[in-house]
file start.txt (compact mmCIF, C-alpha atoms)
# COMPACT_ATOMS: atom_id res chain seq x y z
CA MET A 17 -24.82 -0.37 2.22
CA PHE A 18 -22.53 0.75 5.08
CA TYR A 19 -19.70 1.45 2.61
CA TRP A 20 -21.96 3.58 0.41
CA PHE A 21 -23.45 5.40 3.41
CA MET A 22 -20.04 6.24 4.93
CA LYS A 23 -18.64 7.34 1.58
CA THR A 24 -21.64 9.46 0.58
CA PHE A 25 -22.82 11.01 3.83
CA VAL A 26 -20.08 10.70 6.48
CA LEU A 27 -16.42 10.37 5.47
CA GLY A 28 -16.77 11.72 1.95
CA PRO A 29 -18.14 15.17 2.82
CA VAL A 30 -15.79 15.55 5.81
CA VAL A 31 -12.68 14.66 3.80
CA LYS A 32 -13.61 16.96 0.93
CA LEU A 33 -14.32 19.85 3.32
CA LEU A 34 -11.20 19.53 5.49
CA PHE A 35 -8.53 18.16 3.15
CA ARG A 36 -9.74 19.59 -0.19
CA PRO A 37 -8.26 16.71 -2.24
CA TRP A 38 -7.21 17.41 -5.80
CA VAL A 39 -7.36 14.54 -8.27
CA LYS A 40 -5.88 14.00 -11.72
CA GLY A 41 -6.51 11.17 -14.17
CA LEU A 42 -9.60 9.74 -12.49
CA ASP A 43 -10.95 8.88 -15.93
CA ASN A 44 -8.19 6.24 -16.15
CA VAL A 45 -10.16 4.12 -13.68
CA PRO A 46 -12.50 1.88 -15.74
CA ALA A 47 -16.21 2.42 -15.24
CA GLU A 48 -16.70 -1.35 -15.12
CA GLY A 49 -14.64 -4.51 -15.03
CA ALA A 50 -11.82 -5.67 -12.80
CA ALA A 51 -8.59 -3.73 -12.29
CA ILE A 52 -5.85 -3.31 -9.71
CA LEU A 53 -5.18 0.12 -8.22
CA ALA A 54 -1.51 -0.05 -7.21
CA SER A 55 -0.59 2.86 -4.96
CA ASN A 56 2.42 4.21 -3.14
CA HIS A 57 1.90 4.14 0.61
CA LEU A 58 2.74 7.20 2.70
CA SER A 59 0.10 7.13 5.40
CA PHE A 60 -2.55 5.01 7.12
CA SER A 61 -5.04 7.52 5.69
CA ASP A 62 -4.26 6.44 2.11
CA SER A 63 -6.83 3.65 2.46
CA ILE A 64 -9.45 6.27 3.31
CA PHE A 65 -8.58 9.11 0.94
CA MET A 66 -8.17 7.14 -2.27
CA PRO A 67 -11.39 5.05 -2.21
CA LEU A 68 -13.42 8.16 -1.40
CA MET A 69 -12.34 9.74 -4.69
CA VAL A 70 -13.06 6.68 -6.85
CA PRO A 71 -16.71 6.40 -7.96
CA ARG A 72 -16.69 2.60 -7.70
CA PRO A 73 -16.08 0.61 -4.50
CA VAL A 74 -12.44 -0.35 -3.93
CA VAL A 75 -11.56 -3.49 -1.97
CA PHE A 76 -8.24 -3.35 -0.09
CA LEU A 77 -6.12 -6.09 1.39
CA ALA A 78 -5.43 -4.92 4.95
CA LYS A 79 -3.01 -6.55 7.38
CA SER A 80 -4.66 -9.32 9.36
CA GLU A 81 -3.79 -7.70 12.71
CA TYR A 82 -6.59 -5.19 12.12
CA PHE A 83 -9.10 -8.05 12.24
CA THR A 84 -7.83 -9.91 15.31
CA GLY A 85 -7.77 -7.22 18.00
CA THR A 86 -9.26 -7.94 21.42
CA GLY A 87 -11.55 -5.90 23.62
CA ILE A 88 -14.07 -3.31 22.52
CA LYS A 89 -11.55 -1.32 20.48
CA GLY A 90 -10.32 -4.42 18.69
CA ARG A 91 -13.81 -5.59 17.80
CA LEU A 92 -14.85 -2.16 16.60
CA THR A 93 -11.71 -1.88 14.45
CA ALA A 94 -12.33 -5.31 12.90
CA ALA A 95 -15.97 -4.45 12.22
CA PHE A 96 -15.01 -1.13 10.59
CA PHE A 97 -12.51 -2.79 8.25
CA ARG A 98 -14.95 -5.49 7.21
CA LEU A 99 -17.77 -3.03 6.61
CA THR A 100 -15.51 -0.81 4.49
CA ASN A 101 -14.70 -3.58 1.99
CA GLN A 102 -11.28 -4.56 3.36
CA LEU A 103 -10.00 -8.12 3.49
CA PRO A 104 -7.47 -9.58 5.96
CA MET A 105 -4.00 -10.16 4.51
CA ASP A 106 -1.68 -12.60 6.29
CA ARG A 107 1.89 -11.36 5.77
CA SER A 108 3.70 -14.28 7.39
CA GLY A 109 4.47 -15.86 4.03
CA GLY A 110 3.93 -19.38 2.73
CA ALA A 111 0.49 -20.97 2.58
CA ALA A 112 -1.13 -18.29 4.76
CA SER A 113 -0.12 -15.49 2.40
CA ALA A 114 -1.09 -17.56 -0.65
CA GLN A 115 -4.58 -18.03 0.82
CA SER A 116 -4.88 -14.28 1.33
CA LEU A 117 -3.93 -13.71 -2.30
CA ASN A 118 -6.65 -16.14 -3.34
CA ALA A 119 -9.17 -13.86 -1.64
CA GLY A 120 -7.82 -11.04 -3.79
CA MET A 121 -8.22 -13.18 -6.88
CA GLU A 122 -11.89 -13.72 -6.06
CA VAL A 123 -12.40 -9.97 -5.89
CA LEU A 124 -10.88 -9.53 -9.34
CA ARG A 125 -12.75 -12.48 -10.83
CA ASN A 126 -15.97 -10.85 -9.68
CA GLY A 127 -15.12 -7.80 -11.77
CA SER A 128 -14.29 -5.46 -8.87
CA LEU A 129 -11.52 -2.96 -8.17
CA MET A 130 -8.75 -4.03 -5.81
CA GLY A 131 -6.40 -1.63 -4.06
CA ILE A 132 -2.84 -2.80 -3.32
CA TYR A 133 0.30 -1.24 -1.86
CA PRO A 134 3.18 -2.98 -3.68
CA GLU A 135 5.74 -1.67 -1.16
CA GLY A 136 4.16 -3.90 1.49
CA THR A 137 4.10 -1.30 4.24
CA ARG A 138 4.13 2.46 4.71
CA SER A 139 7.25 4.30 3.65
CA PRO A 140 9.35 5.24 6.69
CA ASP A 141 10.70 8.44 5.12
CA ALA A 142 8.42 9.46 2.21
CA ARG A 143 10.66 7.75 -0.35
CA LEU A 144 9.40 5.03 -2.71
CA TYR A 145 10.67 1.54 -1.95
CA ARG A 146 11.03 -1.73 -3.84
CA GLY A 147 7.77 -3.45 -4.71
CA LYS A 148 6.82 -6.99 -3.75
CA VAL A 149 5.93 -9.31 -6.61
CA GLY A 150 2.47 -10.27 -5.31
CA VAL A 151 0.92 -7.44 -7.32
CA ALA A 152 2.40 -8.94 -10.50
CA ARG A 153 1.11 -12.43 -9.69
CA LEU A 154 -2.41 -11.09 -9.16
CA ALA A 155 -2.39 -8.97 -12.31
CA LEU A 156 -1.12 -11.80 -14.51
CA GLN A 157 -3.28 -14.54 -13.01
CA ALA A 158 -6.45 -12.45 -13.13
CA ARG A 159 -5.42 -10.90 -16.48
CA VAL A 160 -6.42 -7.39 -15.45
CA PRO A 161 -4.83 -3.96 -16.01
CA VAL A 162 -2.92 -2.19 -13.27
CA ILE A 163 -3.62 1.49 -12.64
CA PRO A 164 -0.74 3.22 -10.80
CA VAL A 165 -1.94 5.69 -8.16
CA ALA A 166 0.32 8.33 -6.64
CA MET A 167 -0.75 9.68 -3.26
CA ILE A 168 0.59 13.20 -2.69
CA GLY A 169 1.13 14.81 0.71
CA THR A 170 -0.66 12.21 2.84
CA ASP A 171 2.54 11.65 4.85
CA LYS A 172 2.21 15.24 6.06
CA VAL A 173 -1.41 14.66 7.06
CA GLN A 174 -0.79 11.55 9.13
CA PRO A 175 2.85 10.52 9.61
CA ILE A 176 3.63 7.10 11.06
CA GLY A 177 2.81 7.08 14.77
CA LYS A 178 0.42 10.05 14.62
CA ARG A 179 -3.21 9.23 15.40
CA VAL A 180 -4.85 12.64 14.93
CA PRO A 181 -4.35 13.88 11.34
CA ASN A 182 -3.10 17.33 10.43
CA ILE A 183 -5.53 19.39 8.36
CA ARG A 184 -3.89 20.20 5.04
CA ARG A 185 -4.54 19.63 1.36
CA ILE A 186 -3.71 16.29 -0.26
CA GLY A 187 -3.75 15.01 -3.82
CA MET A 188 -3.68 11.89 -5.94
CA ILE A 189 -2.81 11.06 -9.52
CA PHE A 190 -4.29 8.08 -11.37
CA GLY A 191 -1.95 7.02 -14.16
CA GLU A 192 -2.84 5.33 -17.43
CA PRO A 193 -3.65 1.61 -17.14
CA LEU A 194 -0.65 -0.67 -17.54
CA ASP A 195 -1.28 -3.60 -19.91
CA PHE A 196 0.74 -6.75 -19.16
CA SER A 197 -1.03 -9.04 -21.63
CA ARG A 198 2.34 -9.80 -23.25
CA TYR A 199 3.17 -11.80 -20.12
CA TYR A 200 -0.08 -13.76 -19.80
CA GLY A 201 0.65 -17.43 -19.18
CA MET A 202 4.01 -16.57 -17.58
CA GLU A 203 2.76 -15.63 -14.11
CA ASP A 204 4.93 -18.26 -12.38
CA ASP A 205 8.15 -16.96 -13.92
CA ARG A 206 10.02 -15.09 -11.19
CA MET A 207 11.86 -12.84 -13.63
CA VAL A 208 8.57 -11.87 -15.27
CA GLN A 209 7.04 -11.14 -11.87
CA ARG A 210 9.97 -8.88 -10.99
CA SER A 211 9.88 -7.14 -14.38
CA VAL A 212 6.14 -6.39 -14.07
CA THR A 213 6.54 -5.17 -10.49
CA ASP A 214 9.45 -2.92 -11.41
CA GLU A 215 7.45 -1.40 -14.27
CA ILE A 216 4.65 -0.58 -11.84
CA MET A 217 7.11 0.96 -9.37
CA TYR A 218 8.70 3.04 -12.14
CA GLU A 219 5.30 4.52 -12.99
CA LEU A 220 4.66 5.28 -9.32
CA MET A 221 8.04 7.00 -9.11
CA ARG A 222 7.29 9.04 -12.22
CA LEU A 223 3.82 10.09 -11.09
CA SER A 224 4.68 10.81 -7.45
CA GLY A 225 8.09 12.42 -7.94
CA GLN A 226 9.43 10.35 -5.04
CA GLU A 227 13.03 9.25 -4.77
CA TYR A 228 13.24 5.50 -5.44
CA VAL A 229 15.20 3.14 -3.19
CA ASP A 230 15.82 -0.42 -4.41
CA GLU A 231 15.31 -1.94 -0.98
CA TYR A 232 12.25 -3.21 0.86
CA ALA A 233 10.66 -0.67 3.18
CA ALA A 234 10.08 -3.34 5.83
CA VAL A 235 13.83 -4.04 5.98
CA VAL A 236 14.55 -0.35 6.48
CA LYS A 237 11.98 -0.17 9.28
CA LEU A 238 13.54 -3.12 11.06
CA ARG A 239 16.99 -1.56 10.72
CA LEU A 240 15.70 1.73 12.11
CA ALA A 241 14.02 -0.11 14.97
CA GLY A 242 17.29 -1.86 15.76
CA LYS A 243 19.17 1.42 15.81
CA ALA A 244 16.56 2.93 18.10
CA GLN A 245 16.92 0.00 20.50
CA GLU A 246 20.71 0.26 20.46
CA ALA A 247 20.55 4.00 21.13
CA ALA A 248 18.06 3.70 23.99
CA PRO A 249 20.54 2.61 26.73
CA VAL A 250 22.96 5.38 25.74
CA LYS A 251 20.24 8.00 25.97
CA ALA A 252 19.06 6.59 29.29
CA SER A 253 22.54 6.84 30.84
CA ALA A 254 23.00 10.38 29.58
CA ASP A 255 19.60 11.51 30.80
CA PRO A 256 17.84 9.27 33.36
CA ASP A 257 14.58 11.19 32.94
CA ALA A 258 14.42 10.86 29.18
CA GLY A 259 11.93 8.39 27.69
CA GLN A 260 13.03 5.62 25.38
CA GLU A 261 13.08 6.53 21.70
CA PRO A 262 10.12 4.92 19.96
CA ALA A 263 10.84 2.14 17.52
CA ALA A 264 9.87 2.40 13.85
CA ASP A 265 6.60 0.92 12.68
CA GLY A 266 7.54 -2.54 11.44
CA THR A 267 7.18 -6.13 12.55
CA PRO A 268 9.37 -9.22 11.96
CA ASN A 269 6.73 -10.92 9.83
CA GLU A 270 7.11 -8.13 7.28
CA THR A 271 10.74 -9.00 6.53
CA PRO A 272 10.93 -9.78 2.81
CA GLY A 273 14.70 -10.19 2.42
CA THR A 274 17.38 -7.73 1.42
CA THR A 275 18.56 -6.18 -1.82
CA ASP A 276 21.24 -3.84 -3.02
CA GLU A 277 20.32 -0.74 -1.04
CA ASN A 278 22.61 1.47 -3.13
CA SER A 279 20.69 0.89 -6.33
CA HIS A 280 18.09 3.46 -7.40
CA ASN A 281 16.95 1.95 -10.69
CA PRO A 282 13.46 0.40 -10.49
CA GLY A 283 13.40 -0.68 -14.11
CA ALA A 284 15.87 -3.55 -14.10
CA PRO A 285 14.77 -7.04 -12.99
CA THR A 286 16.76 -8.54 -10.16
CA ALA A 287 17.61 -12.07 -9.14
CA PRO A 288 14.60 -14.16 -8.09
CA ALA A 289 16.23 -14.99 -4.74
CA ASP A 290 15.89 -11.35 -3.72
CA ASP A 291 12.16 -11.04 -4.28
CA GLY A 292 10.95 -12.02 -0.82
CA PRO A 293 7.44 -13.25 -0.03
CA GLU A 294 4.99 -13.15 -2.89
CA LEU A 295 2.41 -10.90 -1.31
CA PRO A 296 1.02 -7.49 -2.17
CA GLY A 297 1.42 -4.72 0.29
CA THR A 298 -0.77 -3.89 3.21
CA ALA A 299 -0.94 -0.96 5.53

call {"tool": "encode", "arguments": {"input": "start.txt", "output": "structure tokens"}}
result
Amino acid sequence: MFYWFMKTFVLGPVVKLLFRPWVKGLDNVPAEGAAILASNHLSFSDSIFMPLMVPRPVVFLAKSEYFTGTGIKGRLTAAFFRLTNQLPMDRSGGAASAQSLNAGMEVLRNGSLMGIYPEGTRSPDARLYRGKVGVARLALQARVPVIPVAMIGTDKVQPIGKRVPNIRRIGMIFGEPLDFSRYYGMEDDRMVQRSVTDEIMYELMRLSGQEYVDEYAAVVKLRLAGKAQEAAPVKASADPDAGQEPAADGTPNETPGTTDENSHNPGAPTAPADDGPELPGTA
């Protein structure tokens, strides 16, 4: 009830009035039955904009930190995420992440729509990064189609670190459903998982027009954070009054491993050892 009320009478009208979203391919979202909406991830606001444009409810896997905050703000944040059909996703890997994926499986088995960010975190620079194989595991185990969704311009509305959004137009493109039935029964094959994930990322690249980088976004964020920390003492000595440069938005538990950062081809499967934790992306 809260989800429907917010979508119909509160957030929906405000978003449509202020941000004037344009949408293409919405008819590719099935009117009934389970499916995965796999989206690129440019902004925190993606989880608000996209579900508002889809007629059916969309359940997202959101990082577990949103549900464990303390104080009044933390409790209100956790309540908001639960009431807006979002489930906690543990990104630490291992059994904890597997349990989170099981919650996603239940959503799909119940015939609902699930939203996932295969990149695992927001893009640090508006480019499209390597997808994690959790989206492939879910699609193959649940035997559901994957609808690629390209968010357009949301990074300009709310860049990483910015709390108050800029008022400007945004868009989204819903691609044709991707059918992976040829791989059913092979969901535990790491090469199949990587091949399915790369096909999804290729469609996102094609729809969004983003430059593709065959490296995990979380690794790039950690590298940027390290550079910021290294540069901070130098800046402080040059200008004692200058504040420390803020670190990039990324946490150690997001680290999925490294890949060949010079490659820009999302279509070719890579070695299983490079795939990192088997979890779909979260904000």

call {"tool": "residues_around", "arguments": {"input": "start.txt", "residues": "segment 183-185 of chain A", "least_positions_apart": "5", "cutoff": "6 Å", "atoms": "only C-alpha atoms", "output": "ChimeraX atom specification"}}
result
/A:35-37

call {"tool": "closest_residue", "arguments": {"input": "start.txt", "among": "A:Gly28, A:Gly131, A:Gly120, A:Pro175", "to": "Ala54 of chain A", "atoms": "all atoms listed in the file"}}
result
A:Gly131

call {"tool": "residues_around", "arguments": {"input": "start.txt", "residues": "Gln226 of chain A", "least_positions_apart": "5", "cutoff": "10 Å", "atoms": "only C-alpha atoms", "output": "number ranges by chain"}}
result
A: 56, 142-145, 166, 168, 220-221

call {"tool": "residues_around", "arguments": {"input": "start.txt", "residues": "segment 93-102 of chain A", "least_positions_apart": "2", "cutoff": "7 Å", "atoms": "all atoms listed in the file", "output": "JSON, numbers by chain"}}
result
{"A": [18, 19, 75, 76, 77, 78, 82, 83, 84, 89, 90, 91, 104]}

call {"tool": "residues_around", "arguments": {"input": "start.txt", "residues": "Leu68 of chain A", "least_positions_apart": "4", "cutoff": "8 Å", "atoms": "all atoms listed in the file", "output": "list in words"}}
result
Lys23, Leu27, Gly28 and Ile64 of chain A

call {"tool": "residues_around", "arguments": {"input": "start.txt", "residues": "Glu48 of chain A", "least_positions_apart": "4", "cutoff": "9 Å", "atoms": "all atoms listed in the file", "output": "ChimeraX atom specification"}}
result
/A:72,127-129

call {"tool": "atom_distance", "arguments": {"input": "start.txt", "atom1": "atom CA of Leu53 of chain A", "atom2": "atom CA of Val235 of chain A"}}
result
24.1 Å

call {"tool": "closest_atom_pairs", "arguments": {"input": "start.txt", "of": "segment 52-124 of chain A", "to": "segment 149-156 of chain A", "cutoff": "9 Å", "atoms": "only C-alpha atoms", "output": "JSON lines"}}
result
{"residue": "A:Ile52", "atom": "CA", "partner": "A:Ala155", "partner_atom": "CA", "distance": 7.1}
{"residue": "A:Ala54", "atom": "CA", "partner": "A:Val151", "partner_atom": "CA", "distance": 7.8}
{"residue": "A:Leu117", "atom": "CA", "partner": "A:Leu154", "partner_atom": "CA", "distance": 7.5}
{"residue": "A:Asn118", "atom": "CA", "partner": "A:Leu154", "partner_atom": "CA", "distance": 8.8}
{"residue": "A:Gly120", "atom": "CA", "partner": "A:Leu154", "partner_atom": "CA", "distance": 7.6}
{"residue": "A:Met121", "atom": "CA", "partner": "A:Leu154", "partner_atom": "CA", "distance": 6.6}
{"residue": "A:Leu124", "atom": "CA", "partner": "A:Leu154", "partner_atom": "CA", "distance": 8.6}

call {"tool": "atom_distance", "arguments": {"input": "start.txt", "atom1": "atom CA of Pro67 of chain A", "atom2": "atom CA of Met130 of chain A"}}
result
10.1 Å

call {"tool": "atom_distance", "arguments": {"input": "start.txt", "atom1": "atom CA of Tyr133 of chain A", "atom2": "atom CA of Gly49 of chain A"}}
result
20.2 Å

call {"tool": "closest_residue", "arguments": {"input": "start.txt", "among": "A:Gly169, A:Pro161, A:Gly177, A:Gly41", "to": "Phe196 of chain A", "atoms": "all atoms listed in the file"}}
result
A:Pro161

call {"tool": "closest_residue", "arguments": {"input": "start.txt", "among": "A:Gln157, A:Val165, A:Ser59, A:Ala51", "to": "Asp205 of chain A", "atoms": "only C-alpha atoms"}}
result
A:Gln157

call {"tool": "closest_residue", "arguments": {"input": "start.txt", "among": "A:Ala244, A:Ala158, A:Val173, A:Val39", "to": "Ile189 of chain A", "atoms": "all atoms listed in the file"}}
result
A:Val39

call {"tool": "residues_near_point", "arguments": {"input": "start.txt", "point": "(-1.2, 6.0, 4.5)", "cutoff": "9 Å", "atoms": "only C-alpha atoms", "output": "list in words"}}
result
Asn56, His57, Leu58, Ser59, Phe60, Ser61, Asp62, Ser63, Ile64, Phe65, Arg138, Ser139, Met167, Thr170, Asp171, Gln174, Pro175, Ile176 and Ala299 of chain A

call {"tool": "closest_residue", "arguments": {"input": "start.txt", "among": "A:Gly147, A:Val74, A:Gly187, A:Gly87", "to": "Gln209 of chain A", "atoms": "all atoms listed in the file"}}
result
A:Gly147
